[in-house]
Amino acid sequence: MLYANGVRYYIEMFWSNGNFNGKYSGKEITDKAVEKFSITARLSQLASKQAKDIVKSQRKKSKRQKCMPRFRNIAVNLDNRFFTLSKFNGSFDWGLRFSSGIPKIVVPFNNAKHSLKFINDGWKLSNSI
């Protein structure tokens with residue numbers, strides 16, 4: 001919930017400042033959410049990036065269609081700063097380990113038939129989920 005509040009805070013800040021440019025926020029802006037919501041700097045940067053992308057989506061609309069976006073469906077796009085994906089010891093193929101600002105959890109899982117097809121064809125796994 002703290003992450004969602006951080007994204008909403010940034011959406012409101014960017015919208016009220018009329019900040020629709022493509023530049024991502026600097027440290028002075030991301031530090032505000034760290035203090036206000038007691039989240040890590042990495043999580044604040046991620047919330048700021050997601051909020052900036054949401055606000056930027058309004059840039060191409062006409063003035064009559066523009067309205068401040070709402071962040072209702074909470075979905076987080078985690079990059080490789082928040083997890084590690086590695087081979088898992090035991091009866092599972094992979095282990096997804098979360099860290100850095102979110103609860104430290106290990107999620108073991110096996111390859112699916114569909115994913116094995118791509119891995120065998122030389123595809124590489126993404127560094128974001």
# chains A, B, ... in the order shown; residues from 1 in each chain; ligands from 1
$ residues_around --residues "Asn21 (chain A)" --least-positions-apart "6" --cutoff "9 Å" --atoms "only C-alpha atoms" --output "PyMOL selection string"
chain A and resi 52+56+59
$ residues_around --residues "region 107-124 of chain A" --least-positions-apart "6" --cutoff "8 Å" --atoms "only C-alpha atoms" --output "list in words"
Phe88, Phe92, Asp93, Trp94, Gly95, Leu96 and Arg97 of chain A
$ select_by_dssp --residues "chain A" --states "strand (DSSP E)" --output "PyMOL selection string"
chain A and resi 83-87+94-98+106-109
$ write_last_selection --atoms "N, CA, C and O atoms" --output "compact mmCIF listing (two decimals), in the first residue's frame"
# COMPACT_ATOMS: atom_id res chain seq x y z
N PHE A 83 15.01 -8.10 -7.54
CA PHE A 83 14.95 -9.55 -7.49
C PHE A 83 16.17 -10.16 -8.16
O PHE A 83 16.87 -9.51 -8.93
N THR A 84 16.41 -11.41 -7.84
CA THR A 84 17.41 -12.20 -8.56
C THR A 84 16.74 -13.50 -8.97
O THR A 84 15.96 -14.08 -8.22
N LEU A 85 17.03 -13.91 -10.17
CA LEU A 85 16.50 -15.16 -10.70
C LEU A 85 17.69 -16.07 -10.92
O LEU A 85 18.63 -15.73 -11.64
N SER A 86 17.67 -17.22 -10.29
CA SER A 86 18.80 -18.14 -10.40
C SER A 86 18.30 -19.58 -10.36
O SER A 86 17.16 -19.85 -9.96
N LYS A 87 19.19 -20.48 -10.76
CA LYS A 87 18.87 -21.91 -10.67
C LYS A 87 18.61 -22.23 -9.20
O LYS A 87 19.24 -21.68 -8.31
N TRP A 94 13.90 -23.06 -10.93
CA TRP A 94 14.30 -21.67 -10.73
C TRP A 94 13.89 -21.19 -9.35
O TRP A 94 12.92 -21.66 -8.79
N GLY A 95 14.61 -20.18 -8.86
CA GLY A 95 14.23 -19.52 -7.62
C GLY A 95 14.21 -18.01 -7.86
O GLY A 95 15.18 -17.43 -8.35
N LEU A 96 13.11 -17.39 -7.57
CA LEU A 96 12.95 -15.94 -7.70
C LEU A 96 13.05 -15.35 -6.30
O LEU A 96 12.19 -15.60 -5.46
N ARG A 97 14.12 -14.59 -6.04
CA ARG A 97 14.36 -14.03 -4.71
C ARG A 97 14.12 -12.53 -4.75
O ARG A 97 14.79 -11.81 -5.48
N PHE A 98 13.16 -12.08 -3.94
CA PHE A 98 12.85 -10.66 -3.85
C PHE A 98 13.66 -10.04 -2.72
O PHE A 98 13.91 -10.68 -1.70
N VAL A 106 11.31 -15.95 -1.28
CA VAL A 106 11.84 -16.81 -2.34
C VAL A 106 10.67 -17.58 -2.93
O VAL A 106 9.91 -18.23 -2.22
N VAL A 107 10.51 -17.46 -4.25
CA VAL A 107 9.42 -18.14 -4.96
C VAL A 107 10.04 -19.17 -5.91
O VAL A 107 10.60 -18.80 -6.94
N PRO A 108 9.99 -20.45 -5.54
CA PRO A 108 10.52 -21.47 -6.44
C PRO A 108 9.48 -21.84 -7.50
O PRO A 108 8.28 -21.84 -7.24
N PHE A 109 9.94 -22.15 -8.71
CA PHE A 109 9.02 -22.58 -9.75
C PHE A 109 9.75 -23.42 -10.79
O PHE A 109 10.97 -23.40 -10.88
$ select_by_dssp --residues "region 20-101 of chain A" --states "alpha helix (DSSP H)" --output "PyMOL selection string"
chain A and resi 27-37+41-56
$ write_last_selection --atoms "N, CA and C atoms" --output "mmCIF file, in the first residue's frame"
data_model
loop_
_atom_site.group_PDB
_atom_site.id
_atom_site.type_symbol
_atom_site.label_atom_id
_atom_site.label_comp_id
_atom_site.auth_asym_id
_atom_site.auth_seq_id
_atom_site.Cartn_x
_atom_site.Cartn_y
_atom_site.Cartn_z
ATOM 1 N N LYS A 27 17.179 13.020 -7.551
ATOM 2 C CA LYS A 27 17.234 12.596 -6.151
ATOM 3 C C LYS A 27 16.433 13.509 -5.236
ATOM 4 N N GLU A 28 16.425 14.804 -5.514
ATOM 5 C CA GLU A 28 15.703 15.730 -4.638
ATOM 6 C C GLU A 28 14.198 15.458 -4.636
ATOM 7 N N ILE A 29 13.667 14.951 -5.740
ATOM 8 C CA ILE A 29 12.240 14.636 -5.808
ATOM 9 C C ILE A 29 11.958 13.280 -5.183
ATOM 10 N N THR A 30 12.781 12.282 -5.484
ATOM 11 C CA THR A 30 12.530 10.950 -4.942
ATOM 12 C C THR A 30 12.748 10.882 -3.435
ATOM 13 N N ASP A 31 13.583 11.759 -2.896
ATOM 14 C CA ASP A 31 13.799 11.780 -1.447
ATOM 15 C C ASP A 31 12.552 12.225 -0.683
ATOM 16 N N LYS A 32 11.680 12.984 -1.346
ATOM 17 C CA LYS A 32 10.452 13.442 -0.685
ATOM 18 C C LYS A 32 9.560 12.267 -0.287
ATOM 19 N N ALA A 33 9.418 11.287 -1.171
ATOM 20 C CA ALA A 33 8.580 10.128 -0.857
ATOM 21 C C ALA A 33 9.252 9.216 0.153
ATOM 22 N N VAL A 34 10.583 9.175 0.147
ATOM 23 C CA VAL A 34 11.298 8.379 1.138
ATOM 24 C C VAL A 34 10.970 8.885 2.535
ATOM 25 N N GLU A 35 10.980 10.195 2.689
ATOM 26 C CA GLU A 35 10.672 10.788 3.992
ATOM 27 C C GLU A 35 9.184 10.666 4.331
ATOM 28 N N LYS A 36 8.332 10.916 3.358
ATOM 29 C CA LYS A 36 6.895 10.962 3.617
ATOM 30 C C LYS A 36 6.295 9.582 3.882
ATOM 31 N N PHE A 37 6.739 8.555 3.144
ATOM 32 C CA PHE A 37 6.121 7.234 3.239
ATOM 33 C C PHE A 37 7.022 6.183 3.881
ATOM 34 N N ALA A 41 14.866 4.168 -1.014
ATOM 35 C CA ALA A 41 15.141 5.048 -2.149
ATOM 36 C C ALA A 41 14.864 4.340 -3.473
ATOM 37 N N ARG A 42 15.199 3.057 -3.554
ATOM 38 C CA ARG A 42 14.945 2.303 -4.786
ATOM 39 C C ARG A 42 13.459 2.193 -5.076
ATOM 40 N N LEU A 43 12.680 1.926 -4.045
ATOM 41 C CA LEU A 43 11.236 1.824 -4.223
ATOM 42 C C LEU A 43 10.643 3.182 -4.599
ATOM 43 N N SER A 44 11.188 4.250 -4.037
ATOM 44 C CA SER A 44 10.741 5.595 -4.380
ATOM 45 C C SER A 44 11.060 5.922 -5.843
ATOM 46 N N GLN A 45 12.243 5.511 -6.309
ATOM 47 C CA GLN A 45 12.618 5.728 -7.707
ATOM 48 C C GLN A 45 11.685 4.965 -8.641
ATOM 49 N N LEU A 46 11.346 3.737 -8.255
ATOM 50 C CA LEU A 46 10.444 2.931 -9.067
ATOM 51 C C LEU A 46 9.050 3.553 -9.121
ATOM 52 N N ALA A 47 8.563 4.033 -7.976
ATOM 53 C CA ALA A 47 7.243 4.683 -7.926
ATOM 54 C C ALA A 47 7.245 5.953 -8.769
ATOM 55 N N SER A 48 8.323 6.714 -8.694
ATOM 56 C CA SER A 48 8.442 7.940 -9.477
ATOM 57 C C SER A 48 8.448 7.634 -10.977
ATOM 58 N N LYS A 49 9.180 6.604 -11.370
ATOM 59 C CA LYS A 49 9.251 6.219 -12.778
ATOM 60 C C LYS A 49 7.876 5.788 -13.290
ATOM 61 N N GLN A 50 7.168 4.982 -12.497
ATOM 62 C CA GLN A 50 5.846 4.538 -12.922
ATOM 63 C C GLN A 50 4.870 5.707 -12.997
ATOM 64 N N ALA A 51 4.932 6.610 -12.029
ATOM 65 C CA ALA A 51 4.052 7.778 -12.050
ATOM 66 C C ALA A 51 4.364 8.672 -13.255
ATOM 67 N N LYS A 52 5.640 8.847 -13.553
ATOM 68 C CA LYS A 52 6.027 9.677 -14.704
ATOM 69 C C LYS A 52 5.498 9.069 -15.996
ATOM 70 N N ASP A 53 5.581 7.749 -16.125
ATOM 71 C CA ASP A 53 5.055 7.082 -17.321
ATOM 72 C C ASP A 53 3.539 7.237 -17.425
ATOM 73 N N ILE A 54 2.859 7.180 -16.299
ATOM 74 C CA ILE A 54 1.398 7.344 -16.296
ATOM 75 C C ILE A 54 1.024 8.768 -16.698
ATOM 76 N N VAL A 55 1.730 9.752 -16.161
ATOM 77 C CA VAL A 55 1.447 11.152 -16.488
ATOM 78 C C VAL A 55 1.814 11.450 -17.941
ATOM 79 N N LYS A 56 2.922 10.873 -18.416
ATOM 80 C CA LYS A 56 3.334 11.080 -19.807
ATOM 81 C C LYS A 56 2.304 10.546 -20.784
#
